[in-house]
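Colleague: Provided herewith: query22.cif, mmCIF, C-alpha atoms.
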data_structure
#
loop_
_atom_site.label_atom_id
_atom_site.label_comp_id
_atom_site.auth_asym_id
_atom_site.auth_seq_id
_atom_site.Cartn_x
_atom_site.Cartn_y
_atom_site.Cartn_z
CA MET U 71 0.00 0.00 0.00
CA ASP U 72 2.85 2.41 0.93
CA LYS U 73 4.40 1.71 -2.41
CA TRP U 74 1.15 2.71 -4.15
CA LEU U 75 0.85 5.89 -2.12
CA ARG U 76 4.39 6.89 -2.97
CA ASN U 77 3.49 6.68 -6.66
CA THR U 78 2.63 10.18 -7.88
CA ASN U 79 0.46 9.02 -10.75
CA VAL U 80 -1.69 6.83 -8.52
CA VAL U 81 -2.25 9.71 -6.14
CA ARG U 82 -3.27 11.94 -9.01
CA ILE U 83 -5.79 9.40 -10.33
CA VAL U 84 -7.38 8.91 -6.92
CA ALA U 85 -7.67 12.63 -6.47
CA LEU U 86 -9.34 12.98 -9.86
CA VAL U 87 -11.92 10.28 -8.99
CA ILE U 88 -12.71 11.92 -5.65
CA SER U 89 -13.15 15.29 -7.39
CA ILE U 90 -15.60 13.81 -9.91
CA LEU U 91 -17.65 12.18 -7.15
CA LEU U 92 -17.84 15.42 -5.21
CA TRP U 93 -18.98 17.27 -8.33
CA VAL U 94 -21.76 14.74 -8.97
CA VAL U 95 -23.03 14.94 -5.40
CA VAL U 96 -23.09 18.72 -5.43
CA HIS U 97 -24.84 18.84 -8.80
CA MET U 98 -27.64 16.44 -7.67
CA GLU U 99 -28.31 18.52 -4.57
CA GLU U 100 -28.63 21.64 -6.69
CA THR U 101 -31.02 19.86 -8.99
CA ASN U 102 -33.21 18.71 -6.08
CA ILE U 103 -33.23 22.17 -4.63
CA SER U 104 -34.21 23.85 -7.93
CA GLY U 105 -36.69 21.12 -9.03
CA SER U 106 -39.71 19.47 -7.28
CA SER U 107 -39.07 18.17 -3.85
CA PRO U 108 -40.79 15.12 -2.35
CA LEU U 109 -41.36 17.17 0.76
CA ARG U 110 -43.03 20.08 -0.99
CA GLN U 111 -46.85 20.47 -0.37
CA ARG U 112 -49.31 20.91 -3.24
CA ASP U 113 -53.07 21.50 -3.80
CA GLU U 114 -54.75 20.19 -6.97
CA THR U 115 -58.38 20.96 -8.03
CA ILE U 116 -60.20 18.53 -10.34
CA ASN U 117 -63.61 19.47 -11.79
CA ASN U 118 -66.51 17.38 -13.13
CA VAL U 119 -65.63 14.16 -11.36
CA ALA U 120 -68.38 11.61 -12.00
CA ILE U 121 -70.02 9.97 -8.98
CA THR U 122 -69.81 6.17 -8.87
CA THR U 123 -72.93 4.60 -7.37
CA LYS U 124 -72.93 1.36 -5.42
CA TYR U 125 -76.31 -0.42 -5.05
CA ASP U 126 -78.32 -3.56 -5.87
CA GLU U 127 -79.22 -3.01 -9.52
CA THR U 128 -81.46 -6.10 -9.58
CA HIS U 129 -83.92 -4.57 -7.12
CA TYR U 130 -83.49 -0.78 -7.32
CA HIS U 131 -83.19 2.01 -9.87
CA ILE U 132 -81.81 5.55 -9.40
CA SER U 133 -84.40 7.80 -10.98
CA SER U 134 -82.47 11.02 -10.20
CA MET U 135 -79.24 12.18 -8.58
CA SER U 136 -78.24 15.81 -8.05
CA PRO U 137 -75.52 16.72 -8.69
CA ALA U 138 -74.18 13.97 -10.94
CA ASN U 139 -70.61 15.40 -10.89
CA VAL U 140 -68.58 17.04 -8.15
CA GLN U 141 -65.36 18.99 -7.65
CA ILE U 142 -62.50 17.59 -5.61
CA ILE U 143 -59.45 19.33 -4.08
CA LEU U 144 -56.37 17.19 -3.37
CA SER U 145 -53.84 18.27 -0.75
CA GLY U 146 -50.54 16.58 0.15
CA LYS U 147 -46.98 16.03 -0.94
CA GLU U 148 -46.47 17.11 -4.50
CA SER U 149 -45.22 13.69 -5.59
CA ALA U 150 -48.21 11.94 -4.02
CA VAL U 151 -50.70 14.36 -5.59
CA LYS U 152 -49.08 13.94 -8.98
CA LYS U 153 -49.25 10.19 -8.62
CA VAL U 154 -53.01 10.38 -7.96
CA THR U 155 -53.76 12.62 -10.94
CA ALA U 156 -51.59 10.50 -13.24
CA SER U 157 -53.06 7.15 -12.25
CA ASN U 158 -56.76 8.13 -12.48
CA THR U 159 -57.74 5.09 -10.38
CA TYR U 160 -59.65 7.03 -7.76
CA GLN U 161 -63.45 7.25 -7.38
CA ILE U 162 -65.99 9.39 -5.59
CA GLU U 163 -68.45 6.80 -4.35
CA LEU U 164 -72.10 7.02 -3.31
CA ASP U 165 -72.91 3.94 -1.24
CA LEU U 166 -76.63 3.06 -1.42
CA THR U 167 -76.40 -0.49 -0.14
CA GLN U 168 -77.82 0.44 3.24
CA VAL U 169 -80.80 2.48 2.03
CA GLY U 170 -84.05 1.54 0.27
CA LYS U 171 -86.46 3.31 -2.02
CA GLY U 172 -87.31 6.98 -1.43
CA ASP U 173 -85.62 10.40 -1.26
CA HIS U 174 -82.20 10.53 0.39
CA GLN U 175 -79.50 13.14 1.10
CA LEU U 176 -76.30 11.12 1.37
CA ALA U 177 -72.60 11.82 1.92
CA LEU U 178 -69.98 11.01 -0.70
CA LYS U 179 -66.87 8.99 0.03
CA PRO U 180 -63.44 9.11 -1.69
CA VAL U 181 -62.19 5.70 -2.74
CA GLY U 182 -58.76 4.71 -4.13
CA PHE U 183 -56.79 7.69 -2.77
CA PRO U 184 -53.48 7.25 -0.87
CA THR U 185 -53.59 7.91 2.85
CA ASP U 186 -51.14 10.80 2.63
CA VAL U 187 -53.43 12.77 0.30
CA GLU U 188 -56.28 14.76 1.77
CA VAL U 189 -59.47 14.84 -0.36
CA GLN U 190 -62.08 17.57 -0.14
CA ILE U 191 -65.38 16.93 -2.04
CA ILE U 192 -67.57 19.84 -3.14
CA PRO U 193 -70.46 19.37 -2.44
CA LYS U 194 -70.07 16.75 0.24
CA THR U 195 -73.57 15.30 -0.17
CA VAL U 196 -76.00 14.59 -3.03
CA HIS U 197 -79.77 14.26 -3.29
CA VAL U 198 -80.85 10.92 -4.74
CA ILE U 199 -84.27 9.35 -5.48
CA ILE U 200 -84.40 5.55 -5.50
CA GLU U 201 -87.25 3.49 -6.98
CA GLU U 202 -87.86 -0.21 -6.44
CA LEU U 203 -87.83 -2.38 -9.58
CA GLN U 204 -90.93 -4.43 -10.46
CA MET U 205 -91.45 -7.29 -12.93
CA LYS U 206 -94.33 -7.53 -15.39
CA GLU U 207 -95.30 -10.19 -17.95
CA VAL U 208 -96.23 -8.69 -21.32
CA PRO U 209 -97.51 -10.43 -24.50
CA VAL U 210 -95.45 -10.08 -27.67
CA VAL U 211 -97.01 -8.40 -30.71
CA ILE U 212 -95.42 -9.08 -34.11
CA ASN U 213 -96.11 -6.62 -36.92
CA VAL U 214 -95.99 -8.29 -40.34
CA LYS U 215 -94.77 -5.92 -43.06
CA GLY U 216 -94.76 -6.29 -46.84
CA THR U 217 -96.68 -8.47 -49.29
CA PRO U 218 -95.78 -12.07 -50.21
CA SER U 219 -95.45 -13.22 -53.82
CA ALA U 220 -98.54 -13.08 -56.05
CA GLY U 221 -101.33 -15.42 -54.99
CA LEU U 222 -99.91 -16.01 -51.50
CA LYS U 223 -100.96 -14.74 -48.10
CA ALA U 224 -99.17 -14.25 -44.78
CA GLY U 225 -100.64 -16.24 -41.90
CA GLN U 226 -100.74 -15.55 -38.17
CA PRO U 227 -97.18 -15.25 -36.75
CA ILE U 228 -96.05 -18.04 -34.42
CA VAL U 229 -93.96 -16.54 -31.57
CA LYS U 230 -91.76 -18.51 -29.16
CA PRO U 231 -92.02 -17.47 -26.40
CA ASN U 232 -95.15 -15.39 -26.87
CA LYS U 233 -94.66 -13.49 -23.59
CA VAL U 234 -91.66 -11.72 -22.06
CA TYR U 235 -90.81 -10.34 -18.63
CA ILE U 236 -90.05 -6.64 -18.24
CA THR U 237 -88.19 -5.27 -15.23
CA ALA U 238 -88.34 -1.54 -14.52
CA GLN U 239 -89.32 0.98 -11.90
CA THR U 240 -93.04 1.19 -11.19
CA SER U 241 -93.48 4.57 -12.87
CA LYS U 242 -91.99 3.25 -16.12
CA LEU U 243 -93.92 -0.04 -16.07
CA GLU U 244 -97.19 1.88 -15.95
CA GLN U 245 -96.29 3.64 -19.21
CA ILE U 246 -95.70 0.44 -21.21
CA GLU U 247 -98.50 -0.44 -23.63
CA ASN U 248 -96.97 -3.45 -25.39
CA VAL U 249 -93.83 -5.17 -26.62
CA ARG U 250 -93.42 -5.32 -30.37
CA GLY U 251 -91.24 -6.78 -33.07
CA GLU U 252 -91.34 -6.61 -36.85
CA VAL U 253 -91.01 -9.22 -39.61
CA SER U 254 -90.93 -8.50 -43.34
CA VAL U 255 -92.61 -11.02 -45.68
CA ASP U 256 -92.19 -8.92 -48.81
CA LYS U 257 -92.09 -11.18 -51.92
CA ALA U 258 -91.82 -14.29 -49.71
CA GLN U 259 -92.70 -17.62 -51.34
CA SER U 260 -92.43 -19.80 -48.23
CA ALA U 261 -92.62 -19.46 -44.46
CA VAL U 262 -90.42 -16.69 -43.02
CA THR U 263 -88.45 -17.71 -39.91
CA LYS U 264 -86.17 -15.32 -38.04
CA GLN U 265 -85.11 -14.04 -34.63
CA VAL U 266 -86.70 -10.71 -33.81
CA LYS U 267 -85.42 -8.08 -31.40
CA LEU U 268 -88.20 -6.69 -29.21
CA GLN U 269 -88.91 -3.13 -28.16
CA ALA U 270 -91.27 -1.80 -25.49
CA PHE U 271 -93.61 1.08 -26.38
CA ASP U 272 -95.80 3.41 -24.33
CA LYS U 273 -99.40 4.41 -25.08
CA GLU U 274 -98.22 7.18 -27.41
CA GLY U 275 -96.10 4.79 -29.47
CA LYS U 276 -92.77 6.01 -28.08
CA GLU U 277 -90.05 3.49 -27.31
CA VAL U 278 -89.36 2.84 -23.63
CA THR U 279 -85.97 1.51 -22.50
CA VAL U 280 -86.40 -1.38 -20.05
CA ASN U 281 -84.74 -4.66 -19.12
CA MET U 282 -86.45 -7.44 -21.07
CA ASN U 283 -86.16 -11.19 -20.69
CA PRO U 284 -85.75 -12.51 -23.30
CA PRO U 285 -84.91 -9.51 -25.52
CA VAL U 286 -85.11 -11.66 -28.69
CA VAL U 287 -87.80 -14.20 -29.72
CA ASP U 288 -88.17 -16.76 -32.51
CA VAL U 289 -90.89 -15.91 -35.04
CA GLU U 290 -92.32 -17.93 -37.92
CA VAL U 291 -94.79 -16.38 -40.35
CA PRO U 292 -96.57 -19.02 -42.51
CA ILE U 293 -96.96 -18.13 -46.18
CA THR U 294 -99.99 -19.82 -47.72
CA SER U 295 -102.62 -19.43 -50.39
CA PRO U 296 -105.61 -17.23 -49.49
CA PHE U 297 -107.98 -19.18 -47.27
CA GLN U 298 -111.35 -19.03 -45.55
CA THR U 299 -113.01 -21.21 -42.92
CA ILE U 300 -116.56 -22.10 -43.93
CA PRO U 301 -119.25 -24.68 -42.99
CA LEU U 302 -118.74 -28.21 -44.31
CA GLN U 303 -121.88 -29.60 -45.97
CA LEU U 304 -122.42 -33.37 -46.13
CA LYS U 305 -124.84 -35.14 -48.46
CA ILE U 306 -126.65 -38.23 -47.13
CA SER U 307 -128.19 -40.43 -49.82
CA GLY U 308 -130.34 -43.52 -49.52
CA GLU U 309 -132.67 -44.52 -46.69
CA PRO U 310 -132.74 -47.21 -44.03
CA PRO U 311 -135.16 -50.05 -44.78
CA LYS U 312 -138.77 -50.16 -43.60
CA GLY U 313 -138.91 -50.13 -39.80
CA PHE U 314 -135.70 -48.15 -39.33
CA ALA U 315 -134.90 -44.45 -39.41
CA ILE U 316 -132.05 -41.97 -38.85
CA SER U 317 -132.27 -40.33 -35.45
CA MET U 318 -129.16 -38.14 -35.72
CA VAL U 319 -126.12 -37.42 -37.91
CA THR U 320 -123.06 -35.84 -36.31
CA GLN U 321 -119.85 -34.79 -38.03
CA SER U 322 -116.43 -33.61 -36.91
CA PRO U 323 -115.35 -31.08 -37.95
CA ASP U 324 -118.38 -29.07 -38.97
CA LYS U 325 -116.16 -26.43 -40.65
CA VAL U 326 -113.26 -26.68 -43.07
CA THR U 327 -110.52 -24.23 -44.14
CA VAL U 328 -110.32 -23.93 -47.93
CA TYR U 329 -107.24 -22.63 -49.79
CA GLY U 330 -107.13 -21.27 -53.30
CA THR U 331 -106.96 -18.08 -55.30
CA GLN U 332 -108.59 -15.03 -53.74
CA ASP U 333 -111.58 -15.00 -56.11
CA VAL U 334 -112.29 -18.71 -55.50
CA VAL U 335 -112.10 -18.33 -51.73
CA ASP U 336 -114.17 -15.13 -51.57
CA ARG U 337 -117.24 -16.52 -53.37
CA MET U 338 -117.61 -19.64 -51.19
CA GLU U 339 -120.26 -19.62 -48.47
CA PHE U 340 -120.07 -23.33 -47.66
CA TYR U 341 -118.08 -26.33 -48.92
CA GLN U 342 -119.78 -29.38 -50.36
CA GLY U 343 -118.18 -32.38 -48.68
CA PRO U 344 -118.38 -36.09 -49.48
CA GLN U 345 -121.57 -38.05 -50.11
CA LEU U 346 -122.53 -40.89 -47.77
CA ASN U 347 -124.89 -43.64 -48.91
CA ILE U 348 -126.81 -45.33 -46.09
CA GLN U 349 -129.22 -47.31 -48.27
CA ASP U 350 -130.67 -50.27 -46.30
CA GLN U 351 -128.46 -49.47 -43.26
CA LYS U 352 -130.01 -50.90 -40.05
CA GLU U 353 -127.49 -49.96 -37.33
CA THR U 354 -125.48 -47.04 -36.04
CA LYS U 355 -122.11 -46.63 -37.75
CA GLU U 356 -119.17 -44.22 -37.79
CA TYR U 357 -117.39 -43.34 -41.04
CA SER U 358 -114.07 -41.64 -41.83
CA LEU U 359 -114.38 -39.94 -45.20
CA ASP U 360 -111.95 -38.05 -47.43
CA ILE U 361 -113.09 -34.55 -48.29
CA PRO U 362 -112.69 -34.11 -52.08
CA LEU U 363 -111.13 -31.04 -53.70
CA ARG U 364 -113.73 -29.12 -55.71
CA ASN U 365 -114.12 -25.83 -57.59
CA LYS U 366 -110.40 -25.03 -57.99
CA VAL U 367 -109.69 -25.38 -54.27
CA THR U 368 -106.00 -26.29 -53.86
CA GLN U 369 -105.95 -27.46 -50.24
CA LEU U 370 -108.32 -28.37 -47.40
CA ASP U 371 -107.69 -28.41 -43.68
CA PRO U 372 -108.61 -30.92 -42.40
CA ALA U 373 -108.67 -33.33 -45.33
CA LYS U 374 -110.96 -35.87 -43.60
CA VAL U 375 -114.29 -35.80 -41.81
CA THR U 376 -115.69 -38.25 -39.27
CA VAL U 377 -119.44 -38.93 -39.61
CA LYS U 378 -121.59 -40.83 -37.14
CA VAL U 379 -125.03 -41.96 -38.35
CA GLU U 380 -127.37 -43.13 -35.60
CA ILE U 381 -130.08 -45.51 -36.89
CA VAL U 382 -132.89 -46.75 -34.62
CA PRO U 383 -136.17 -48.67 -35.01
CA SER U 384 -138.77 -46.26 -36.43
CA ILE U 385 -142.35 -45.45 -35.51
CA THR U 386 -145.27 -44.15 -37.60
CA ARG U 387 -147.80 -41.43 -36.87
CA ALA U 388 -150.86 -40.02 -38.59
CA LEU U 389 -150.85 -36.31 -39.30
CA GLU U 390 -154.27 -34.80 -40.04
CA ASN U 391 -155.38 -31.57 -41.63
CA VAL U 392 -152.11 -30.64 -43.32
CA PRO U 393 -153.03 -27.53 -45.38
CA ILE U 394 -152.37 -27.50 -49.13
CA THR U 395 -150.49 -24.45 -50.44
CA ILE U 396 -151.05 -23.43 -54.08
CA ILE U 397 -148.13 -21.86 -55.97
CA GLY U 398 -147.91 -20.50 -59.53
CA ALA U 399 -151.55 -19.36 -59.70
CA ASN U 400 -152.46 -16.86 -62.45
CA GLU U 401 -153.90 -13.69 -60.97
CA ASN U 402 -156.41 -13.47 -63.85
CA TYR U 403 -158.00 -16.79 -62.86
CA VAL U 404 -159.72 -18.22 -59.81
CA THR U 405 -157.91 -21.31 -58.55
CA LYS U 406 -159.27 -23.55 -55.83
CA VAL U 407 -158.79 -27.09 -54.53
CA THR U 408 -161.91 -29.21 -55.03
CA THR U 409 -160.53 -32.53 -53.79
CA PRO U 410 -160.02 -32.94 -50.96
CA GLU U 411 -162.84 -30.53 -50.21
CA SER U 412 -161.20 -29.03 -47.16
CA ALA U 413 -157.92 -28.42 -49.06
CA GLN U 414 -156.23 -30.38 -46.30
CA LEU U 415 -154.45 -33.74 -46.31
CA ASN U 416 -154.21 -36.65 -43.90
CA ILE U 417 -150.87 -38.44 -44.17
CA THR U 418 -148.83 -41.01 -42.27
CA VAL U 419 -145.20 -40.25 -41.46
CA GLU U 420 -142.36 -42.47 -40.27
CA GLY U 421 -139.14 -41.69 -38.41
CA ALA U 422 -137.12 -42.00 -35.21
CA PRO U 423 -139.23 -41.72 -32.03
CA THR U 424 -137.38 -38.62 -30.79
CA ILE U 425 -138.23 -36.81 -34.05
CA ILE U 426 -141.77 -38.10 -34.69
CA ASP U 427 -142.94 -37.41 -31.12
CA GLN U 428 -142.10 -33.70 -31.52
CA LEU U 429 -143.45 -33.33 -35.07
CA LYS U 430 -146.19 -30.76 -35.66
CA VAL U 431 -148.54 -30.17 -38.61
CA GLN U 432 -146.79 -26.82 -39.18
CA ASP U 433 -143.50 -28.70 -39.81
CA VAL U 434 -144.93 -30.25 -43.02
CA GLN U 435 -145.50 -28.41 -46.31
CA ALA U 436 -148.00 -29.71 -48.91
CA ILE U 437 -147.42 -27.81 -52.17
CA LEU U 438 -149.58 -27.87 -55.32
CA ASP U 439 -147.92 -26.25 -58.36
CA VAL U 440 -150.45 -24.91 -60.94
CA SER U 441 -147.99 -22.96 -63.06
CA ASN U 442 -148.98 -22.62 -66.76
CA LEU U 443 -152.23 -24.63 -66.36
CA PRO U 444 -155.27 -23.57 -68.48
CA PRO U 445 -158.81 -23.22 -67.07
CA GLY U 446 -160.49 -26.47 -66.13
CA LYS U 447 -160.10 -29.31 -63.63
CA HIS U 448 -156.71 -30.89 -63.08
CA GLU U 449 -155.56 -33.75 -60.90
CA LEU U 450 -152.04 -33.01 -59.65
CA LYS U 451 -149.46 -34.65 -57.48
CA VAL U 452 -148.89 -32.91 -54.16
CA THR U 453 -145.27 -32.27 -53.24
CA LEU U 454 -144.62 -32.94 -49.57
CA ASN U 455 -141.71 -31.19 -47.86
CA LEU U 456 -140.99 -33.25 -44.75
CA PRO U 457 -138.49 -32.48 -41.96
CA THR U 458 -135.04 -34.04 -42.18
CA TYR U 459 -134.97 -37.80 -41.54
CA VAL U 460 -138.80 -38.03 -41.77
CA LYS U 461 -140.46 -40.01 -44.60
CA LEU U 462 -143.98 -41.11 -45.58
CA GLY U 463 -145.08 -44.04 -43.50
CA LEU U 464 -146.79 -45.82 -46.41
CA PRO U 465 -146.14 -45.75 -50.13
CA GLN U 466 -148.52 -42.93 -50.89
CA ASP U 467 -149.14 -41.09 -54.11
CA VAL U 468 -150.69 -37.97 -52.64
CA LYS U 469 -152.85 -36.13 -55.18
CA ALA U 470 -155.37 -33.30 -55.24
CA THR U 471 -157.83 -31.89 -57.77
CA VAL U 472 -157.76 -28.20 -58.60
CA GLU U 473 -160.30 -26.16 -60.58
CA ILE U 474 -159.17 -23.10 -62.54
CA SER U 475 -161.80 -20.67 -63.90
CA GLU U 476 -161.97 -17.18 -65.31
CA LYS U 477 -162.89 -14.38 -62.99
CA ALA U 478 -166.53 -13.12 -63.44
CA ALA U 479 -166.92 -9.76 -65.26
CA ALA U 480 -167.97 -6.81 -63.16
CA ASN U 481 -171.63 -6.31 -64.25
CA THR U 482 -172.81 -4.18 -61.41
CA THR U 483 -172.10 -0.66 -60.27
CA ALA U 484 -170.81 0.20 -56.91
CA ASN U 485 -174.39 0.58 -55.50
CA GLY U 486 -175.65 -2.68 -57.07
CA ALA U 487 -177.66 -1.15 -59.95
CA PRO U 488 -177.18 -2.63 -63.46
CA SER U 489 -174.61 -0.68 -65.40
CA ALA U 490 -175.70 0.84 -68.77
CA SER U 491 -174.00 -0.54 -71.81
CA PRO U 492 -172.85 1.89 -74.51
CA SER U 493 -175.34 0.50 -77.00
CA ALA U 494 -178.25 1.32 -74.65
CA SER U 495 -177.35 4.98 -74.32
CA PRO U 496 -180.39 7.25 -75.05
CA LYS U 497 -180.32 8.88 -78.47
CA ALA U 498 -180.65 12.61 -78.77
CA ALA U 499 -184.28 13.73 -79.63
CA ASN U 500 -184.89 15.02 -83.15
CA PRO U 501 -185.86 18.65 -83.16
#
I'd like the structure from this file rewritten - as structure tokens, please.
Modeller:
Amino acid sequence: MDKWLRNTNVVRIVALVISILLWVVVHMEETNISGSSPLRQRDETINNVAITTKYDETHYHISSMSPANVQIILSGKESAVKKVTASNTYQIELDLTQVGKGDHQLALKPVGFPTDVEVQIIPKTVHVIIEELQMKEVPVVINVKGTPSAGLKAGQPIVKPNKVYITAQTSKLEQIENVRGEVSVDKAQSAVTKQVKLQAFDKEGKEVTVNMNPPVVDVEVPITSPFQTIPLQLKISGEPPKGFAISMVTQSPDKVTVYGTQDVVDRMEFYQGPQLNIQDQKETKEYSLDIPLRNKVTQLDPAKVTVKVEIVPSITRALENVPITIIGANENYVTKVTTPESAQLNITVEGAPTIIDQLKVQDVQAILDVSNLPPGKHELKVTLNLPTYVKLGLPQDVKATVEISEKAAANTTANGAPSASPSASPKAANP
């Protein structure tokens, strides 16, 4: 070591190093003195700081909060204040977890600030109104827009699910009129299937923002030919044998939906179904019949009909004094029934007991058609219109005689005196 210290060059180098170190230390102290110091105090004002709310959003809603932003003043060491403003991790919190619905004036709390920074909030409290959330089940309405391809028609939309649950504050729930979605079927040639986003609307048609579950539903709009549901008419032909009668005929369905072009569908009032022949049938039977396509109808729903024909042992009954009704009489002639003299018939009818027991004379029509007959006596067949499932009890050829004559000329005056003919007029006296 002594040898090193006796070396002049070594001593010079050591001295130079010590001088450099001293210069660095002095320069750093000057810099700290002239620059920011960790010990220096600083105040920082921050405006328009948003308030962070803390509450149970599944049960409550903040309908108003005043003010929504506040001013904060930070005080502390300059380095600590700068760290806060640079990080931006702080919050001004409004804790609502311990309060329920109603009006409240509550204090604000700084959150996320270091302990060595003092925080002043202006204002210190806010006024808040809290409403309790309610749930309501609302049906879904789908508006169908547009027109399908020519000759086709949009059916009733099928919605799954057809109801949704809305959660909102009571005041907002009361405004809601319905929940709607929209589907376009413009130029569609087959069923339109899509997912539809729903929107809630008030009574004035304005959209209302609410929580909806589910917010989207599945919708299918059938595209079919024009259709109409009309009565289904069956035709029963034939009769049970002697001693049996139909007591009742029931069918299911009694209506059918017909599909076709618009003009075909519009002019139909009923649809003629299949014909059922019950000739010589003696017992009750049930039939399943295909409904035929007629008159340019392209589709039927349903395509089958079930028919039950109840057949029971029949009874007979005499009906007396059935009046004869004349039709087709010429107003220039006098027409009257001469046989039978009373212009009434006595007939025997046959049918099921439940029908025959309730039958009245007024339920039977006896019609004599004298259309285009000349004056004189004529024996004519009487047409009998009997109630459904009622027939003549005996093979009867019911006839009546009618006499047609000219009306007598008016040969008397209004007071009964003979009227003077033109040829009997008195001649003027000769002068």
Colleague: Between atom CA of U:Glu356 and atom CA of U:Tyr341, what is the distance, to one decimal in Å?
Modeller: 21.1 Å
Colleague: At most 12 Å from (-77.0, 10.5, -1.3), file frame, only C-alpha atoms: which residues, as a CSV table (one decimal) with C-alpha atoms, keeping the file's coordinate frame?
Modeller:
chain,number,residue,atom,x,y,z
U,121,ILE,CA,-70.0,10.0,-9.0
U,122,THR,CA,-69.8,6.2,-8.9
U,123,THR,CA,-72.9,4.6,-7.4
U,124,LYS,CA,-72.9,1.4,-5.4
U,125,TYR,CA,-76.3,-0.4,-5.0
U,132,ILE,CA,-81.8,5.6,-9.4
U,134,SER,CA,-82.5,11.0,-10.2
U,135,MET,CA,-79.2,12.2,-8.6
U,136,SER,CA,-78.2,15.8,-8.0
U,137,PRO,CA,-75.5,16.7,-8.7
U,138,ALA,CA,-74.2,14.0,-10.9
U,162,ILE,CA,-66.0,9.4,-5.6
U,163,GLU,CA,-68.4,6.8,-4.4
U,164,LEU,CA,-72.1,7.0,-3.3
U,165,ASP,CA,-72.9,3.9,-1.2
U,166,LEU,CA,-76.6,3.1,-1.4
U,167,THR,CA,-76.4,-0.5,-0.1
U,168,GLN,CA,-77.8,0.4,3.2
U,169,VAL,CA,-80.8,2.5,2.0
U,170,GLY,CA,-84.0,1.5,0.3
U,171,LYS,CA,-86.5,3.3,-2.0
U,172,GLY,CA,-87.3,7.0,-1.4
U,173,ASP,CA,-85.6,10.4,-1.3
U,174,HIS,CA,-82.2,10.5,0.4
U,175,GLN,CA,-79.5,13.1,1.1
U,176,LEU,CA,-76.3,11.1,1.4
U,177,ALA,CA,-72.6,11.8,1.9
U,178,LEU,CA,-70.0,11.0,-0.7
U,179,LYS,CA,-66.9,9.0,0.0
U,193,PRO,CA,-70.5,19.4,-2.4
U,194,LYS,CA,-70.1,16.8,0.2
U,195,THR,CA,-73.6,15.3,-0.2
U,196,VAL,CA,-76.0,14.6,-3.0
U,197,HIS,CA,-79.8,14.3,-3.3
U,198,VAL,CA,-80.8,10.9,-4.7
U,199,ILE,CA,-84.3,9.4,-5.5
U,200,ILE,CA,-84.4,5.6,-5.5
Colleague: Could you write out as a VMD selection string the residues that the PyMOL selection byres ((chain U and resi 190) around 10) matches in the shown file?
Modeller: chain U and resid 115 141 to 145 179 to 180 187 to 189 191 to 194
Colleague: Find the nearest atom pair between each residue of stretch 345-464 of chain U and stretch 315-322 of chain U for residues within 10 Å, count all atoms listed in the file, give distances in Å to one decimal, sort rows by chain and ascending number, and present the table as a tab-separated table.
Modeller:
residue	atom	partner	partner_atom	distance
U:Ile348	CA	U:Ile316	CA	9.5
U:Asp350	CA	U:Ala315	CA	10.0
U:Gln351	CA	U:Ala315	CA	9.0
U:Lys352	CA	U:Ala315	CA	8.1
U:Glu353	CA	U:Ile316	CA	9.3
U:Thr354	CA	U:Ile316	CA	8.8
U:Glu356	CA	U:Thr320	CA	9.4
U:Tyr357	CA	U:Gln321	CA	9.4
U:Ser358	CA	U:Ser322	CA	9.7
U:Pro372	CA	U:Ser322	CA	9.9
U:Lys374	CA	U:Ser322	CA	8.9
U:Val375	CA	U:Ser322	CA	5.8
U:Thr376	CA	U:Ser322	CA	5.3
U:Val377	CA	U:Gln321	CA	4.5
U:Lys378	CA	U:Thr320	CA	5.3
U:Val379	CA	U:Val319	CA	4.7
U:Glu380	CA	U:Met318	CA	5.3
U:Ile381	CA	U:Ile316	CA	4.5
U:Val382	CA	U:Ala315	CA	5.7
U:Pro383	CA	U:Ala315	CA	6.2
U:Ser384	CA	U:Ala315	CA	5.2
U:Ile385	CA	U:Ala315	CA	8.5
U:Glu420	CA	U:Ala315	CA	7.8
U:Gly421	CA	U:Ala315	CA	5.2
U:Ala422	CA	U:Ser317	CA	5.1
U:Pro423	CA	U:Ser317	CA	7.9
U:Thr424	CA	U:Ser317	CA	7.1
U:Ile425	CA	U:Ser317	CA	7.1
U:Ile426	CA	U:Ser317	CA	9.8
U:Thr458	CA	U:Ile316	CA	9.1
U:Tyr459	CA	U:Ile316	CA	5.8
U:Val460	CA	U:Ala315	CA	7.9
U:Lys461	CA	U:Ala315	CA	8.8
Colleague: For this file, the PyMOL selection byres ((chain U and resi 294-308) around 6) selects which residues, as a ChimeraX atom specification?
Modeller: /U:222-223,293,309,324-330,332,340-349
Colleague: Box in all listed atoms of stretch 132-138 of chain U, axis-aligned, with 8 Å more on each side; write out centre and edge lengths in Å to one decimal as AutoDock Vina command-line options.
Modeller:
--center_x -79.3 --center_y 11.1 --center_z -9.5 --size_x 26.2 --size_y 27.2 --size_z 18.9
Colleague: Find the residues near U:Thr395: any atom within 7 Å, counting all atoms listed in the file, skip ones fewer than 6 places away on the same chain, and give them as JSON, numbers by chain.
Modeller: {"U": [436, 437, 438]}
Colleague: Find the residues around U:Arg112 up to 7 Å (all atoms listed in the file counted), leave out those fewer than 4 positions away in its own chain, and share them as a list in words.
Modeller: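 Here the qualifying residues turn out to be Ser145, Gly146, Lys147 and Glu148 of chain U.
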Colleague: Please dump the current selection as a CSV table (one decimal), keeping the file's coordinate frame; keep C-alpha atoms.
Modeller:
chain,number,residue,atom,x,y,z
U,145,SER,CA,-53.8,18.3,-0.8
U,146,GLY,CA,-50.5,16.6,0.2
U,147,LYS,CA,-47.0,16.0,-0.9
U,148,GLU,CA,-46.5,17.1,-4.5
